[in-house]
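start.csv follows (CSV, C-alpha atoms and all ligand atoms):
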```
chain,number,residue,atom,x,y,z
A,54,MET,CA,23.1,-10.0,-4.0
A,55,GLU,CA,20.7,-12.9,-3.3
A,56,LEU,CA,17.4,-11.9,-1.7
A,57,GLU,CA,14.8,-14.1,-0.1
A,58,PHE,CA,11.5,-12.7,1.1
A,59,ILE,CA,7.8,-13.4,1.2
A,60,LEU,CA,5.9,-11.3,-1.4
A,61,ASN,CA,2.1,-11.3,-1.2
A,62,GLY,CA,2.2,-14.7,0.5
A,63,GLU,CA,4.6,-16.3,-1.8
A,64,ALA,CA,8.3,-17.0,-1.3
A,65,VAL,CA,10.6,-15.1,-3.6
A,66,ARG,CA,14.2,-15.8,-4.2
A,67,MET,CA,16.2,-13.7,-6.6
A,68,ASP,CA,19.4,-11.7,-7.3
A,69,ALA,CA,19.3,-8.0,-7.2
A,70,PRO,CA,21.9,-5.3,-7.4
A,71,PRO,CA,22.6,-3.8,-4.0
A,72,ASP,CA,21.8,-0.3,-5.3
A,73,MET,CA,18.4,-1.1,-6.9
A,74,ARG,CA,15.5,0.6,-5.3
A,75,ALA,CA,12.8,-1.7,-3.8
A,76,LEU,CA,10.3,0.1,-6.1
A,77,ASP,CA,12.2,-0.8,-9.2
A,78,LEU,CA,12.6,-4.4,-8.1
A,79,ILE,CA,8.8,-4.7,-7.5
A,80,ARG,CA,7.7,-2.9,-10.7
A,81,ASP,CA,10.4,-3.7,-13.2
A,82,VAL,CA,11.8,-7.0,-12.1
A,83,LEU,CA,8.8,-8.6,-10.6
A,84,GLY,CA,6.3,-6.9,-12.9
A,85,LEU,CA,4.0,-5.8,-10.1
A,86,THR,CA,3.0,-2.4,-11.5
A,87,GLY,CA,0.2,-1.6,-9.1
A,88,THR,CA,2.8,0.2,-6.9
A,89,LYS,CA,3.3,3.6,-8.5
A,90,GLU,CA,6.2,6.1,-8.7
A,91,GLY,CA,5.2,9.7,-8.2
A,92,CYS,CA,7.9,11.9,-6.7
A,93,GLY,CA,10.7,9.3,-6.3
A,94,ARG,CA,11.8,11.0,-3.1
A,95,GLY,CA,9.5,10.1,-0.3
A,96,GLU,CA,7.0,12.9,-0.6
A,97,CYS,CA,3.9,11.5,-2.3
A,98,GLY,CA,3.3,8.0,-1.0
A,99,ALA,CA,2.3,6.5,-4.4
A,100,CYS,CA,5.0,3.9,-3.9
A,101,THR,CA,3.8,2.7,-0.5
A,102,ILE,CA,4.2,-1.0,0.3
A,103,LEU,CA,4.0,-2.9,3.6
A,104,VAL,CA,7.3,-4.4,4.9
A,105,ASN,CA,6.6,-6.6,8.0
A,106,GLY,CA,3.3,-4.8,8.2
A,107,VAL,CA,4.7,-1.3,8.3
A,108,ALA,CA,3.8,1.2,5.5
A,109,VAL,CA,7.1,2.1,3.7
A,110,ASN,CA,7.9,4.3,0.7
A,111,SER,CA,9.5,1.8,-1.6
A,112,CYS,CA,11.3,4.6,-3.5
A,113,LEU,CA,13.4,5.3,-0.5
A,114,ILE,CA,14.7,1.8,0.4
A,115,TYR,CA,17.0,-0.4,-1.5
A,116,ALA,CA,15.9,-3.9,-2.6
A,117,PRO,CA,18.3,-5.7,-0.1
A,118,LYS,CA,16.2,-4.2,2.7
A,119,LEU,CA,13.4,-6.6,1.7
A,120,ASN,CA,15.6,-9.6,2.5
A,121,GLY,CA,14.1,-11.9,5.1
A,122,LYS,CA,11.0,-9.7,5.3
A,123,THR,CA,7.3,-10.2,4.6
A,124,VAL,CA,6.3,-7.7,1.9
A,125,MET,CA,2.8,-6.8,0.6
A,126,THR,CA,2.0,-4.7,-2.4
A,127,VAL,CA,-1.5,-3.7,-3.6
A,128,GLU,CA,-1.7,-6.9,-5.6
A,129,GLY,CA,-1.7,-8.8,-2.4
A,130,LEU,CA,-5.0,-7.2,-1.1
A,131,ALA,CA,-7.6,-9.0,-3.1
A,132,ARG,CA,-8.4,-12.7,-2.6
A,133,GLY,CA,-8.8,-14.0,-6.2
A,134,GLU,CA,-11.8,-12.2,-7.6
A,135,LYS,CA,-12.9,-10.9,-4.1
A,136,LEU,CA,-11.7,-7.4,-3.5
A,137,HIS,CA,-10.4,-6.5,-0.1
A,138,PRO,CA,-12.9,-4.5,2.0
A,139,LEU,CA,-10.7,-1.4,1.5
A,140,GLN,CA,-10.7,-1.7,-2.2
A,141,LYS,CA,-14.5,-2.2,-2.3
A,142,ALA,CA,-15.1,0.7,0.0
A,143,PHE,CA,-12.9,3.0,-2.1
A,144,LEU,CA,-15.0,2.1,-5.1
A,145,ASP,CA,-18.3,2.4,-3.2
A,146,GLU,CA,-17.4,5.8,-1.7
A,147,GLY,CA,-16.1,7.3,-5.0
A,148,ALA,CA,-12.6,7.6,-3.4
A,149,VAL,CA,-10.9,6.8,-6.6
A,150,GLN,CA,-10.6,9.4,-9.4
A,151,CYS,CA,-7.4,9.1,-11.5
A,152,GLY,CA,-6.3,6.3,-9.3
A,153,TYR,CA,-2.7,7.1,-9.2
A,154,CYS,CA,-2.5,7.6,-5.4
A,155,THR,CA,-4.9,4.7,-4.7
A,156,PRO,CA,-2.4,1.8,-4.3
A,157,GLY,CA,-0.4,3.8,-1.8
A,158,MET,CA,-3.5,5.0,0.0
A,159,LEU,CA,-4.8,1.4,0.2
A,160,MET,CA,-1.5,0.2,1.7
A,161,SER,CA,-1.3,3.0,4.3
A,162,ALA,CA,-4.9,2.3,5.2
A,163,LYS,CA,-4.2,-1.4,5.5
A,164,ALA,CA,-1.3,-0.8,7.9
A,165,LEU,CA,-3.7,1.3,10.0
A,166,LEU,CA,-6.6,-1.1,10.1
A,167,ASP,CA,-4.3,-4.0,10.9
A,168,GLU,CA,-3.3,-2.1,14.1
A,169,ASN,CA,-6.5,-0.2,14.8
A,170,THR,CA,-9.9,-1.7,13.8
A,171,ASP,CA,-11.9,1.4,14.7
A,172,PRO,CA,-9.8,4.5,13.8
A,173,THR,CA,-11.0,8.0,14.3
A,174,GLU,CA,-11.0,10.5,11.4
A,175,GLU,CA,-7.9,12.1,12.9
A,176,GLU,CA,-6.1,8.7,13.1
A,177,ILE,CA,-7.0,8.0,9.5
A,178,GLU,CA,-5.7,11.5,8.4
A,179,GLU,CA,-2.5,10.8,10.3
A,180,ALA,CA,-2.1,7.3,8.7
A,181,ILE,CA,-2.5,8.7,5.1
A,182,GLY,CA,-0.6,11.9,5.9
A,183,GLY,CA,2.3,10.8,3.7
A,184,ASN,CA,0.0,10.0,0.8
A,185,ILE,CA,-0.9,12.9,-1.6
A,186,CYS,CA,-4.1,12.8,-3.7
A,187,ARG,CA,-4.5,15.5,-6.2
A,188,CYS,CA,-8.1,14.6,-7.1
A,189,THR,CA,-10.4,13.7,-4.3
A,190,GLY,CA,-9.9,16.2,-1.6
A,191,TYR,CA,-9.4,13.3,0.9
A,192,VAL,CA,-13.0,13.4,2.3
A,193,LYS,CA,-14.1,10.4,0.4
A,194,ILE,CA,-10.9,8.5,1.1
A,195,ILE,CA,-11.4,9.0,4.8
A,196,LYS,CA,-15.0,7.9,4.5
A,197,ALA,CA,-13.9,4.8,2.6
A,198,VAL,CA,-11.4,3.8,5.3
A,199,GLN,CA,-14.1,4.2,7.9
A,200,ARG,CA,-16.5,2.2,5.9
A,201,ALA,CA,-14.0,-0.6,5.3
A,202,ALA,CA,-13.1,-0.6,9.0
A,203,LYS,CA,-16.8,-1.1,9.9
A,204,GLU,CA,-17.2,-3.9,7.3
A,205,MET,CA,-14.2,-5.7,8.7
A,206,ARG,CA,-15.4,-5.3,12.3
A,207,ASP,CA,-18.8,-6.7,11.3
A,208,GLU,CA,-17.4,-9.6,9.3
B,1,LIG,S1,7.4,7.9,-5.3
B,1,LIG,FE1,7.9,7.2,-3.3
B,1,LIG,S2,7.1,8.7,-2.0
B,1,LIG,FE2,6.7,9.5,-4.0
B,2,LIG,S1,-7.3,9.8,-7.2
B,2,LIG,FE1,-6.0,11.0,-8.4
B,2,LIG,S2,-4.3,11.4,-7.2
B,2,LIG,FE2,-5.8,10.5,-5.8
```
Let me see the structure of the file written as structure tokens.
Amino acid sequence: MELEFILNGEAVRMDAPPDMRALDLIRDVLGLTGTKEGCGRGECGACTILVNGVAVNSCLIYAPKLNGKTVMTVEGLARGEKLHPLQKAFLDEGAVQCGYCTPGMLMSAKALLDENTDPTEEEIEEAIGGNICRCTGYVKIIKAVQRAAKEMRDE
């Protein structure tokens, strides 16, 4: 079926099978491989994207659900060479180890900061509650989100 949506600020028009997962459309058809597949069943958050600003597990929705929506993947965060404050803060705080969870973490954090410019630790924990990280122990990730929030408030 024909789909039209905005992806990382650009209009996309394409055909996709109705039973294709949004994750596969993004990675395999559109070639945006920043979005990761971990569990494939809604448990790890590695595949998180924003759909109309809401963090969504792209492994759980079919591509036609993107029709008419505004979609952002991790590739949409940076502005050219300039990293998004969240990306910079993750690097500066050492919140990235293997990096597999990072795109999903960033997108969940982006959804949070778009709604709440000064989140508490608990609010950050809740926002990334669906994102599993096997490496960092989460403390540095939470610090990074707090740091990015502060930088964005001060901008
Ligand atoms: S791959 Fe989608 S939640 Fe794990
Ligand atoms: S940095 Fe490795 S899973 Fe999070």
**Study point:** Point-to-point distance in Å for CA of Tyr153 in chain A and CA of Cys188 in chain A
**Key:**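 It comes out at 9.5 Å.
Taking all atoms listed in the file into account, every polymer residue with at least one atom at most 7 Å away from ligand LIG 1 (chain B) is listed here: Lys89, Glu90, Gly91, Cys92, Gly93, Arg94, Gly95, Glu96, Cys97, Gly98, Ala99, Cys100, Thr101, Asn110, Ser111, Cys112 and Leu113 of chain A.
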Contacts between ligand LIG 2 (chain B) and chain A, please, where a residue of chain A counts if it comes within 12 Å (with all atoms listed in the file); show its shortest atom pair and distance in Å to one decimal, rows by chain and ascending number, as a Markdown table.
```
| residue | atom | partner | partner_atom | distance |
| --- | --- | --- | --- | --- |
| A:Lys89 | CA | B:LIG2 | S2 | 11.0 |
| A:Glu90 | CA | B:LIG2 | S2 | 11.9 |
| A:Gly91 | CA | B:LIG2 | S2 | 9.7 |
| A:Cys97 | CA | B:LIG2 | S2 | 9.6 |
| A:Gly98 | CA | B:LIG2 | S2 | 10.4 |
| A:Ala99 | CA | B:LIG2 | S2 | 8.7 |
| A:Phe143 | CA | B:LIG2 | S1 | 10.2 |
| A:Leu144 | CA | B:LIG2 | S1 | 11.1 |
| A:Gly147 | CA | B:LIG2 | S1 | 9.4 |
| A:Ala148 | CA | B:LIG2 | S1 | 6.9 |
| A:Val149 | CA | B:LIG2 | S1 | 4.7 |
| A:Gln150 | CA | B:LIG2 | S1 | 4.0 |
| A:Cys151 | CA | B:LIG2 | FE1 | 3.9 |
| A:Gly152 | CA | B:LIG2 | S1 | 4.2 |
| A:Tyr153 | CA | B:LIG2 | S2 | 5.0 |
| A:Cys154 | CA | B:LIG2 | FE2 | 4.4 |
| A:Thr155 | CA | B:LIG2 | FE2 | 6.0 |
| A:Pro156 | CA | B:LIG2 | FE2 | 9.5 |
| A:Gly157 | CA | B:LIG2 | FE2 | 9.5 |
| A:Met158 | CA | B:LIG2 | FE2 | 8.3 |
| A:Leu159 | CA | B:LIG2 | FE2 | 10.9 |
| A:Ile181 | CA | B:LIG2 | FE2 | 11.5 |
| A:Asn184 | CA | B:LIG2 | FE2 | 8.8 |
| A:Ile185 | CA | B:LIG2 | S2 | 6.7 |
| A:Cys186 | CA | B:LIG2 | FE2 | 3.5 |
| A:Arg187 | CA | B:LIG2 | S2 | 4.2 |
| A:Cys188 | CA | B:LIG2 | FE1 | 4.4 |
| A:Thr189 | CA | B:LIG2 | S1 | 5.8 |
| A:Gly190 | CA | B:LIG2 | FE2 | 8.2 |
| A:Tyr191 | CA | B:LIG2 | FE2 | 8.1 |
| A:Val192 | CA | B:LIG2 | FE2 | 11.2 |
| A:Lys193 | CA | B:LIG2 | S1 | 10.2 |
| A:Ile194 | CA | B:LIG2 | FE2 | 8.8 |
```
Check your understanding: Just how far from CA of Leu60 in chain A is CA of Leu103 in chain A, in Å to one decimal?
Key -> 10.0 Å
Could you name the residues that touch range 71-82 of chain A at 7 Å or less, counting only C-alpha atoms, but leaving out those on the same chain fewer than 2 positions away, as a PDB file with C-alpha atoms, in the coordinates of the input?
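Result went into selection.pdb, see below:
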```pdb
ATOM      1  CA  MET A  54      23.100 -10.000  -4.000  1.00  0.00           C
ATOM      2  CA  ALA A  69      19.300  -8.000  -7.200  1.00  0.00           C
ATOM      3  CA  GLY A  84       6.300  -6.900 -12.900  1.00  0.00           C
ATOM      4  CA  LEU A  85       4.000  -5.800 -10.100  1.00  0.00           C
ATOM      5  CA  THR A  86       3.000  -2.400 -11.500  1.00  0.00           C
ATOM      6  CA  THR A  88       2.800   0.200  -6.900  1.00  0.00           C
ATOM      7  CA  CYS A 100       5.000   3.900  -3.900  1.00  0.00           C
ATOM      8  CA  SER A 111       9.500   1.800  -1.600  1.00  0.00           C
ATOM      9  CA  CYS A 112      11.300   4.600  -3.500  1.00  0.00           C
ATOM     10  CA  ILE A 114      14.700   1.800   0.400  1.00  0.00           C
ATOM     11  CA  TYR A 115      17.000  -0.400  -1.500  1.00  0.00           C
ATOM     12  CA  ALA A 116      15.900  -3.900  -2.600  1.00  0.00           C
ATOM     13  CA  PRO A 117      18.300  -5.700  -0.100  1.00  0.00           C
TER      14      PRO A 117
END
```
Check your understanding: For Arg206 in chain A, which residue out of A:Glu146, A:Pro70, A:Asn105, A:Thr170 is the nearest one, using all atoms listed in the file?
Key -> A:Thr170
Exercise for review: Name the residues in contact with Lys163 in chain A at a cut-off of 10 Å, using all atoms listed in the file, excluding same-chain residues fewer than 4 positions from it; report them as a PyMOL selection string.
Suggested key: chain A and resi 102-103+106-108+127+130+137-139+157-159+167-169+180+198+201-202
Practice item. May I have the residues within 9 Å of Glu204 in chain A as a list of chain:residue names, using all atoms listed in the file and disregarding those fewer than 4 positions away in the same chain? Key: A:Pro138, A:Ala142, A:Gln199, A:Arg200, A:Glu208
